[in-house]
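Text of the file entry.cif, holding mmCIF, C-alpha atoms and all ligand atoms:
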```cif
data_my_file
#
loop_
_atom_site.label_atom_id
_atom_site.label_comp_id
_atom_site.auth_asym_id
_atom_site.auth_seq_id
_atom_site.Cartn_x
_atom_site.Cartn_y
_atom_site.Cartn_z
CA MET S 1 62.57 -70.49 212.45
CA CYS S 2 59.68 -68.06 212.66
CA LEU S 3 59.40 -65.51 209.83
CA LYS S 4 59.73 -62.53 212.16
CA TYR S 5 62.98 -63.91 213.61
CA ALA S 6 64.37 -64.80 210.16
CA LEU S 7 63.60 -61.32 208.87
CA LYS S 8 65.21 -59.68 211.88
CA ASN S 9 68.26 -61.87 211.37
CA PHE S 10 68.51 -60.96 207.68
CA LEU S 11 68.16 -57.23 208.36
CA CYS S 12 71.12 -57.39 210.72
CA THR S 13 73.49 -59.23 208.36
CA PRO S 14 76.41 -57.27 206.95
CA ARG S 15 75.11 -58.20 203.46
CA PHE S 16 71.83 -56.37 204.08
CA LEU S 17 73.61 -53.42 205.61
CA TYR S 18 75.80 -53.31 202.51
CA ILE S 19 72.87 -53.42 200.07
CA SER S 20 70.82 -50.89 202.01
CA SER S 21 73.67 -48.41 202.32
CA MET S 22 74.94 -48.62 198.72
CA GLY S 23 75.22 -45.15 197.21
CA LYS S 24 73.75 -43.43 200.22
CA LYS S 25 75.25 -41.13 202.77
CA PRO S 26 75.42 -42.56 206.29
CA ALA S 27 72.12 -41.65 208.02
CA GLN S 28 74.08 -39.94 210.74
CA LYS S 29 77.65 -38.80 211.00
CA LEU S 30 79.99 -41.74 211.56
CA SER S 31 82.15 -41.64 214.64
CA ARG S 32 85.88 -41.93 214.02
CA ARG S 33 85.80 -45.62 214.92
CA GLU S 34 82.77 -46.28 212.67
CA PHE S 35 84.44 -44.40 209.82
CA PHE S 36 87.45 -46.71 209.99
CA GLU S 37 85.46 -49.90 210.56
CA LYS S 38 82.35 -49.35 208.39
CA GLY S 39 83.28 -46.56 205.97
CA HIS S 40 83.58 -49.09 203.11
CA LEU S 41 79.78 -49.55 203.26
CA TYR S 42 79.34 -45.95 202.10
CA TYR S 43 82.54 -44.96 200.30
CA LEU S 44 84.40 -46.40 197.30
CA THR S 45 87.40 -48.35 198.48
CA HIS S 46 90.92 -47.80 197.10
CA LEU S 47 90.05 -44.40 195.65
CA SER S 48 90.52 -41.00 197.26
CA ILE S 49 90.54 -37.32 196.37
CA ASP S 50 93.13 -34.70 197.27
CA ASN S 51 92.45 -31.00 196.79
CA VAL S 52 95.31 -28.53 196.42
CA ILE S 53 93.91 -25.08 197.14
CA PHE S 54 96.26 -22.30 196.14
CA GLY S 55 95.72 -18.85 197.58
CA PHE S 56 97.07 -15.59 196.25
CA HIS S 57 97.47 -12.57 198.45
CA ASP S 58 99.90 -9.65 198.64
CA ASN S 59 101.94 -11.14 195.83
CA GLN S 60 102.43 -14.36 197.75
CA LEU S 61 101.37 -17.84 196.62
CA LYS S 62 99.92 -19.96 199.44
CA VAL S 63 98.40 -23.40 199.93
CA LEU S 64 95.65 -24.50 202.29
CA LEU S 65 96.59 -27.34 204.67
CA LEU S 66 94.91 -29.25 207.49
CA GLU S 67 96.58 -30.37 210.70
CA TRP S 68 95.36 -33.70 212.07
CA LYS S 69 94.11 -33.84 215.64
CA ASP S 70 96.27 -36.01 217.98
CA THR S 71 99.21 -36.64 215.64
CA HIS S 72 99.58 -33.03 214.46
CA ARG S 73 100.63 -34.18 211.00
CA TRP S 74 99.77 -31.94 208.04
CA CYS S 75 97.85 -32.96 204.94
CA LEU S 76 95.93 -31.69 201.94
CA PRO S 77 92.15 -31.33 202.37
CA GLY S 78 91.23 -34.67 200.79
CA GLY S 79 88.68 -37.39 201.37
CA PHE S 80 86.63 -40.17 199.86
CA ILE S 81 83.92 -40.75 197.25
CA LEU S 82 80.45 -41.89 198.26
CA LYS S 83 79.11 -44.85 196.32
CA GLY S 84 76.79 -43.39 193.71
CA GLU S 85 78.47 -39.97 193.80
CA HIS S 86 80.22 -38.39 190.78
CA ILE S 87 83.90 -37.75 191.51
CA GLU S 88 83.59 -34.07 190.60
CA GLU S 89 80.73 -33.79 193.09
CA ALA S 90 82.80 -35.64 195.68
CA ALA S 91 85.74 -33.23 195.25
CA ILE S 92 83.46 -30.23 195.93
CA ARG S 93 81.75 -31.90 198.91
CA VAL S 94 85.06 -33.03 200.44
CA LEU S 95 86.51 -29.55 200.10
CA HIS S 96 83.44 -28.01 201.71
CA GLN S 97 83.27 -30.52 204.59
CA ARG S 98 86.96 -30.30 205.37
CA THR S 99 87.57 -26.57 204.99
CA GLY S 100 84.19 -24.79 204.78
CA LEU S 101 85.07 -23.49 201.27
CA ASN S 102 82.19 -23.10 198.81
CA ASN S 103 81.75 -22.22 195.13
CA ILE S 104 85.30 -23.09 194.17
CA TYR S 105 86.02 -24.29 190.64
CA LEU S 106 88.24 -27.37 190.95
CA GLN S 107 90.48 -28.52 188.14
CA GLN S 108 91.32 -32.24 187.98
CA PHE S 109 95.01 -32.62 187.16
CA TYR S 110 96.50 -36.07 187.87
CA ALA S 111 95.93 -39.51 189.41
CA PHE S 112 98.45 -40.69 192.01
CA GLY S 113 98.78 -44.42 191.63
CA ASP S 114 102.00 -45.55 193.34
CA PRO S 115 101.43 -49.15 194.53
CA ASN S 116 103.01 -48.14 197.85
CA ARG S 117 100.25 -45.63 198.53
CA GLU S 118 99.21 -47.44 201.70
CA ARG S 119 98.92 -45.65 205.00
CA SER S 120 100.82 -48.32 206.99
CA LYS S 121 103.79 -48.03 204.60
CA HIS S 122 103.94 -44.34 205.51
CA GLY S 123 103.78 -44.77 209.28
CA ILE S 124 100.05 -44.07 209.61
CA GLU S 125 98.14 -46.55 211.76
CA PRO S 126 94.40 -46.49 212.59
CA PRO S 127 93.58 -44.87 215.95
CA VAL S 128 93.78 -47.19 219.00
CA GLU S 129 90.00 -47.44 219.41
CA VAL S 130 89.74 -49.22 216.00
CA LYS S 131 89.72 -52.96 216.73
CA ASN S 132 88.79 -54.44 213.34
CA LYS S 133 90.58 -54.45 210.00
CA SER S 134 90.01 -51.17 208.20
CA TRP S 135 89.45 -50.42 204.49
CA LEU S 136 91.60 -47.31 205.06
CA THR S 137 94.77 -49.33 205.54
CA GLU S 138 94.61 -50.66 201.98
CA ARG S 139 96.16 -49.14 198.85
CA PHE S 140 94.53 -45.91 197.62
CA VAL S 141 94.78 -44.25 194.22
CA SER S 142 94.20 -40.54 194.72
CA ILE S 143 92.73 -38.14 192.17
CA GLY S 144 94.18 -34.64 192.41
CA TYR S 145 92.29 -31.37 191.97
CA TRP S 146 93.55 -27.84 192.30
CA ALA S 147 91.95 -24.41 192.56
CA LEU S 148 93.24 -20.87 192.78
CA VAL S 149 91.40 -18.53 195.20
CA GLU S 150 91.95 -15.07 196.64
CA PHE S 151 92.71 -16.03 200.19
CA SER S 152 91.15 -13.04 201.95
CA LYS S 153 87.79 -13.88 200.29
CA VAL S 154 87.47 -17.22 202.10
CA VAL S 155 87.45 -18.14 205.76
CA PRO S 156 88.70 -21.72 206.12
CA LYS S 157 87.18 -23.80 208.95
CA PRO S 158 88.71 -27.13 210.02
CA ASP S 159 86.51 -30.26 210.17
CA GLU S 160 86.18 -32.52 213.22
CA PHE S 161 89.27 -34.58 212.29
CA SER S 162 91.49 -31.53 212.13
CA GLU S 163 93.06 -29.24 214.67
CA THR S 164 93.57 -26.37 212.23
CA CYS S 165 93.01 -25.40 208.63
CA GLN S 166 95.55 -22.84 207.61
CA TRP S 167 97.30 -21.10 204.70
CA TRP S 168 101.01 -21.78 204.27
CA ASP S 169 103.47 -19.85 202.13
CA ILE S 170 104.33 -22.19 199.29
CA GLU S 171 108.05 -22.22 200.11
CA LYS S 172 107.49 -22.95 203.82
CA VAL S 173 105.22 -26.01 203.51
CA PRO S 174 106.07 -28.66 206.17
CA THR S 175 106.48 -32.40 205.56
CA LEU S 176 103.02 -33.72 204.70
CA ILE S 177 101.50 -37.20 205.11
CA LEU S 178 101.86 -39.92 202.47
CA ASP S 179 102.86 -38.43 199.09
CA HIS S 180 101.05 -35.13 199.67
CA ASN S 181 104.22 -33.04 199.12
CA ASN S 182 104.52 -34.69 195.71
CA ILE S 183 100.83 -34.03 194.99
CA LEU S 184 101.40 -30.37 195.81
CA GLU S 185 104.42 -30.20 193.52
CA LYS S 186 102.50 -31.78 190.62
CA ALA S 187 99.59 -29.41 191.19
CA LEU S 188 101.94 -26.44 191.01
CA GLU S 189 103.38 -27.74 187.73
CA SER S 190 99.86 -28.15 186.36
CA LEU S 191 98.83 -24.66 187.53
CA ARG S 192 101.88 -23.15 185.81
CA ARG S 193 101.17 -24.99 182.56
CA ASN S 194 97.56 -23.88 182.80
CA LEU S 195 98.63 -20.20 182.74
CA ASN S 196 99.55 -20.67 179.10
CA ASP S 197 96.21 -22.15 178.19
CA TYR S 198 93.62 -20.21 180.20
CA PRO S 199 93.14 -16.68 181.54
CA VAL S 200 93.73 -16.22 185.25
CA GLY S 201 93.28 -13.34 187.66
CA ARG S 202 89.61 -12.39 187.56
CA ASP S 203 89.09 -13.72 191.08
CA LEU S 204 92.55 -12.79 192.30
CA LEU S 205 92.94 -9.15 191.36
CA PRO S 206 90.73 -6.16 192.19
CA PRO S 207 88.23 -5.31 189.39
CA LYS S 208 90.59 -2.61 188.09
CA PHE S 209 94.33 -3.26 188.09
CA THR S 210 97.52 -2.03 186.50
CA MET S 211 99.74 -3.88 184.05
CA PRO S 212 102.57 -4.18 186.65
CA GLU S 213 100.06 -5.71 189.13
CA LEU S 214 98.93 -8.25 186.55
CA GLN S 215 102.54 -9.06 185.66
CA ARG S 216 103.45 -9.53 189.35
CA MET S 217 100.62 -12.03 189.74
CA TYR S 218 101.98 -14.12 186.85
CA GLU S 219 105.56 -13.81 188.14
CA THR S 220 104.53 -14.97 191.63
CA ILE S 221 102.77 -18.07 190.35
CA LEU S 222 105.56 -18.89 187.90
CA ASP S 223 108.23 -17.98 190.47
CA LYS S 224 110.27 -16.13 187.86
CA GLN S 225 110.70 -12.66 186.43
CA LEU S 226 109.13 -11.82 183.09
CA ASP S 227 110.28 -9.24 180.62
CA ARG S 228 107.98 -6.22 181.00
CA ARG S 229 107.57 -5.36 177.30
CA ASN S 230 107.22 -8.91 176.17
CA PHE S 231 104.60 -9.63 178.87
CA GLN S 232 102.58 -6.56 177.96
CA LYS S 233 102.71 -7.35 174.24
CA LYS S 234 101.61 -10.97 174.77
CA ILE S 235 98.84 -10.29 177.26
CA LEU S 236 97.35 -7.51 175.11
CA ALA S 237 97.43 -9.79 172.07
CA LEU S 238 95.13 -12.21 173.92
CA ASP S 239 92.42 -9.56 173.64
CA ILE S 240 90.84 -10.20 177.05
CA LEU S 241 91.76 -6.83 178.62
CA GLU S 242 90.17 -3.43 178.37
CA ARG S 243 92.35 -0.37 179.01
CA LEU S 244 90.42 2.29 180.92
CA ASN S 245 90.77 6.02 180.60
CA GLU S 246 91.88 6.13 184.21
CA ARG S 247 95.24 5.98 185.90
CA LYS S 248 96.13 4.52 189.28
CA GLN S 249 96.77 7.34 191.72
CA GLY S 250 99.06 7.50 194.72
CA GLY S 251 102.21 5.75 193.46
CA ALA S 252 105.68 7.28 193.59
CA HIS S 253 106.18 6.97 189.83
CA LYS S 254 104.14 8.08 186.84
CA ALA S 255 100.58 6.84 187.44
CA PRO S 256 100.02 3.70 185.29
CA PHE S 257 96.82 3.07 183.35
CA LEU S 258 94.14 0.85 184.86
CA TYR S 259 92.81 -2.22 183.07
CA ARG S 260 89.93 -4.60 183.61
CA PHE S 261 89.00 -7.95 182.12
CA ASP S 262 86.44 -7.95 179.34
CA GLN S 263 83.98 -10.39 180.92
CA ARG S 264 82.61 -11.77 177.65
CA LYS S 265 86.03 -12.36 176.13
CA TYR S 266 87.36 -13.78 179.40
CA GLU S 267 84.48 -16.31 179.51
CA LYS S 268 85.09 -17.25 175.88
CA ALA S 269 88.81 -17.77 176.55
CA MET S 270 87.91 -19.95 179.56
CA LYS S 271 85.94 -22.21 177.21
CA GLN S 272 88.17 -22.13 174.16
CA GLY S 273 91.60 -21.76 175.75
CA LEU S 274 94.48 -19.42 174.87
CA LYS S 275 97.95 -19.62 173.40
CA PHE S 276 99.83 -17.32 175.74
CA GLY S 277 103.34 -18.71 175.20
CA LEU S 278 104.69 -17.41 178.52
CA GLN S 279 107.32 -20.06 179.21
O1 LIG L 1 95.55 -38.90 200.06
P1 LIG L 1 94.81 -39.96 200.78
O2 LIG L 1 95.26 -40.07 202.17
O3 LIG L 1 94.78 -41.27 200.02
O4 LIG L 1 93.26 -39.67 200.95
C1 LIG L 1 92.52 -38.54 201.13
C2 LIG L 1 92.49 -37.90 202.50
O5 LIG L 1 92.27 -38.71 203.60
C3 LIG L 1 92.90 -38.14 204.74
O6 LIG L 1 93.76 -39.05 205.28
C4 LIG L 1 93.72 -36.98 204.27
O7 LIG L 1 93.12 -35.79 204.61
C5 LIG L 1 93.75 -37.13 202.77
O8 LIG L 1 93.80 -35.92 202.11
#
```

Written as structure tokens, that's how I'd like the structure from this file.
Ligand SMILES: O=P(O)(O)OC[C@H]1O[C@@H](O)[C@H](O)[C@@H]1O
Amino acid sequence: MCLKYALKNFLCTPRFLYISSMGKKPAQKLSRREFFEKGHLYYLTHLSIDNVIFGFHDNQLKVLLLEWKDTHRWCLPGGFILKGEHIEEAAIRVLHQRTGLNNIYLQQFYAFGDPNRERSKHGIEPPVEVKNKSWLTERFVSIGYWALVEFSKVVPKPDEFSETCQWWDIEKVPTLILDHNNILEKALESLRRNLNDYPVGRDLLPPKFTMPELQRMYETILDKQLDRRNFQKKILALDILERLNERKQGGAHKAPFLYRFDQRKYEKAMKQGLKFGLQ
């Protein structure tokens, strides 16, 4: 066999394609069929990421969901990890590609490892144009991340696999694919636990806010009422707030004082943690 022919033959073998694509992004966007049939050349198999993006607006807790094209089923904005990519990096990239969201701090909270986490066991088959066996039909362990964002500050944009990308009120979430409802529930539990350990609200409230506004934010996330005096005593003891010599105007009742977060102390509490003892 002539050398030129042998070389050409080698370059076209799946083995060469595998070696040459390891750790790299596909040179051009994969079509849906290519993604199903050749995605394993670029992405880690059996491992996925699911992002639970909570939004807070008008005292309402929301979650960002995608609606699949064709089947109109709803899911979390998740995806896969490129070979050679750090999982934290993958979570940020996936979120950006699937929703357009940028600069979001994602908190890893749990790994979902049910052996039945296979698409075919949940009534999800590859699209008809996919003729070969697909890596996507195998079992996947999914790593969960959550983030809390002020929903009016972001404009979600659906990716090419999705019909829509939309906020849902937390209590009106539809049936999601696979175990995504369970992932959402676990993320909410983790977010609530996190309120005891870290400050929250700097990105969710206006720069100056009242004590009742801050309390309402906590009550909405926790989905329960908190005792006003107890809340105020505990939050002030954390020493992350600064009371201003200003009162909020325009309310029906006596104008309450305005507060703001002390940025330096807030940052320190983000690093060192708190002992809020809310629940
Ligand atoms: O949770 P699984 O489906 O394993 O994987 C990640 C993502 O792959 C897509 O199907 C869904 O959008 C999902 O979020």

Closest-contact table, segment 132-227 of chain S side, partner segment 65-88 of chain S, 9 Å, counting only C-alpha atoms, as a Markdown table:
```
| residue | atom | partner | partner_atom | distance |
| --- | --- | --- | --- | --- |
| S:Ser142 | CA | S:Gly78 | CA | 9.0 |
| S:Ile143 | CA | S:Ile87 | CA | 8.9 |
| S:Gly144 | CA | S:Gly78 | CA | 8.9 |
| S:Pro158 | CA | S:Leu66 | CA | 7.0 |
| S:Asp159 | CA | S:Leu66 | CA | 8.9 |
| S:Glu160 | CA | S:Lys69 | CA | 8.4 |
| S:Phe161 | CA | S:Lys69 | CA | 5.9 |
| S:Ser162 | CA | S:Trp68 | CA | 4.4 |
| S:Glu163 | CA | S:Lys69 | CA | 4.8 |
| S:Thr164 | CA | S:Glu67 | CA | 5.2 |
| S:Cys165 | CA | S:Leu66 | CA | 4.4 |
| S:Gln166 | CA | S:Leu65 | CA | 5.5 |
| S:Trp167 | CA | S:Leu65 | CA | 6.3 |
| S:Trp168 | CA | S:Leu65 | CA | 7.1 |
| S:Val173 | CA | S:Leu65 | CA | 8.8 |
| S:Pro174 | CA | S:Trp74 | CA | 7.3 |
| S:Thr175 | CA | S:Trp74 | CA | 7.2 |
| S:Leu176 | CA | S:Trp74 | CA | 5.0 |
| S:Ile177 | CA | S:Cys75 | CA | 5.6 |
| S:Leu178 | CA | S:Cys75 | CA | 8.4 |
| S:His180 | CA | S:Cys75 | CA | 6.5 |
| S:Asn181 | CA | S:Cys75 | CA | 8.6 |
| S:Ile183 | CA | S:Leu76 | CA | 8.8 |
| S:Leu184 | CA | S:Leu76 | CA | 8.3 |
```

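If you look at atom CA of Ala187 of chain S and atom CA of Gln108 of chain S, they are 9.3 Å away from each other.
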
(request) Using all atoms listed in the file, find the one residue out of S:Pro156, S:Ser48, S:Lys233, S:Ile53 that sits nearest to Arg139 of chain S. (result) S:Ser48

Within 10 Å of segment 263-275 of chain S, counting only C-alpha atoms, which residues qualify if same-chain residues fewer than 3 places away don't, as a PDB file with C-alpha atoms, in the frame of the given file?
```pdb
ATOM      1  CA  ASN S 194      97.560 -23.880 182.800  1.00  0.00           C
ATOM      2  CA  LEU S 195      98.630 -20.200 182.740  1.00  0.00           C
ATOM      3  CA  ASN S 196      99.550 -20.670 179.100  1.00  0.00           C
ATOM      4  CA  ASP S 197      96.210 -22.150 178.190  1.00  0.00           C
ATOM      5  CA  TYR S 198      93.620 -20.210 180.200  1.00  0.00           C
ATOM      6  CA  PRO S 199      93.140 -16.680 181.540  1.00  0.00           C
ATOM      7  CA  VAL S 200      93.730 -16.220 185.250  1.00  0.00           C
ATOM      8  CA  ARG S 202      89.610 -12.390 187.560  1.00  0.00           C
ATOM      9  CA  LYS S 234     101.610 -10.970 174.770  1.00  0.00           C
ATOM     10  CA  ALA S 237      97.430  -9.790 172.070  1.00  0.00           C
ATOM     11  CA  LEU S 238      95.130 -12.210 173.920  1.00  0.00           C
ATOM     12  CA  ASP S 239      92.420  -9.560 173.640  1.00  0.00           C
ATOM     13  CA  ILE S 240      90.840 -10.200 177.050  1.00  0.00           C
ATOM     14  CA  LEU S 241      91.760  -6.830 178.620  1.00  0.00           C
ATOM     15  CA  GLU S 242      90.170  -3.430 178.370  1.00  0.00           C
ATOM     16  CA  ARG S 260      89.930  -4.600 183.610  1.00  0.00           C
ATOM     17  CA  LEU S 278     104.690 -17.410 178.520  1.00  0.00           C
TER      18      LEU S 278
END
```

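For the point (89.1, -27.5, 187.4) in file coordinates, the residues within 8 Å, using only C-alpha atoms, are S:Tyr105, S:Leu106, S:Gln107, S:Gln108, S:Phe109, S:Tyr145, S:Trp146, S:Ala147.
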
(message) Residues near Gly113 of chain S, anyone? I mean within 7 Å using only C-alpha atoms, not counting same-chain ones fewer than 2 positions away, as number ranges by chain.
(response) S: 111, 115, 141-142

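As for atom CA of Arg32 of chain S and atom CA of Val128 of chain S, they are spaced 10.7 Å apart.
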
Please, which residues in segment 20-87 of chain S fall within 12 Å of segment 210-215 of chain S when counting all atoms listed in the file, and what is the closest atom pair and distance in Å to one decimal for each, ordered by chain then residue number, as a tab-separated table?
```
residue	atom	partner	partner_atom	distance
S:His57	CA	S:Glu213	CA	11.9
S:Asp58	CA	S:Glu213	CA	10.3
S:Asn59	CA	S:Glu213	CA	8.8
```

(request) Quote the spacing between atom CA of Asn103 of chain S and atom CA of Glu150 of chain S in Å to one decimal place. (result) 12.5 Å

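Nearest residue to ligand LIG 1 (chain L) among S:Phe56, S:Phe112, S:Phe140, S:Phe35 is S:Phe140, counting all atoms listed in the file.
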
(message) Taking 5 positions as the minimum chain separation for residues in the same chain, which residues sit within 10 Å of Lys131 of chain S when counting all atoms listed in the file? Answer as an MDAnalysis selection string.
(response) chainID S and resid 33 36:37 126

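Compared by their closest atoms to ligand LIG 1 (chain L), and using all atoms listed in the file, the residues S:Phe257, S:Phe209, S:Tyr42, S:Trp135 rank with S:Trp135 nearest.
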
(message) When you count only C-alpha atoms and all ligand atoms, which of these residues is closest to ligand LIG 1 (chain L): S:Leu226, S:Leu204, S:Val154, S:Leu47?
(response) S:Leu47

(message) Around the point (83.0, -50.9, 205.3) (coordinates from the file), which residues reach within 10 Å if we count all atoms listed in the file? Answer as a PyMOL selection string.
(response) chain S and resi 14+17-18+34-45+133-136

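Comparing S:Asn182, S:Gln232, S:Asn51, S:Gln28 by their smallest distance to ligand LIG 1 (chain L), the closest is S:Asn51 (using only C-alpha atoms and all ligand atoms).
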
(message) Restricting the calculation to only C-alpha atoms and all ligand atoms: of S:Arg93, S:Lys157, S:Lys29, S:Arg119, which residue gets closest to ligand LIG 1 (chain L)?
(response) S:Arg119

(request) Might you pull out every residue within 10 Å of Lys121 of chain S, with all atoms listed in the file counted and same-chain residues fewer than 2 positions away left off, and present them as an MDAnalysis selection string? (result) chainID S and resid 116:119 123:125 137:139 178

(message) Can you pull out the residues contacting Leu222 of chain S? Cut-off 9 Å, using only C-alpha atoms, and skip same-chain residues under 5 positions away; I want them as number ranges by chain.
(response) S: 188, 191-192, 195, 217, 279
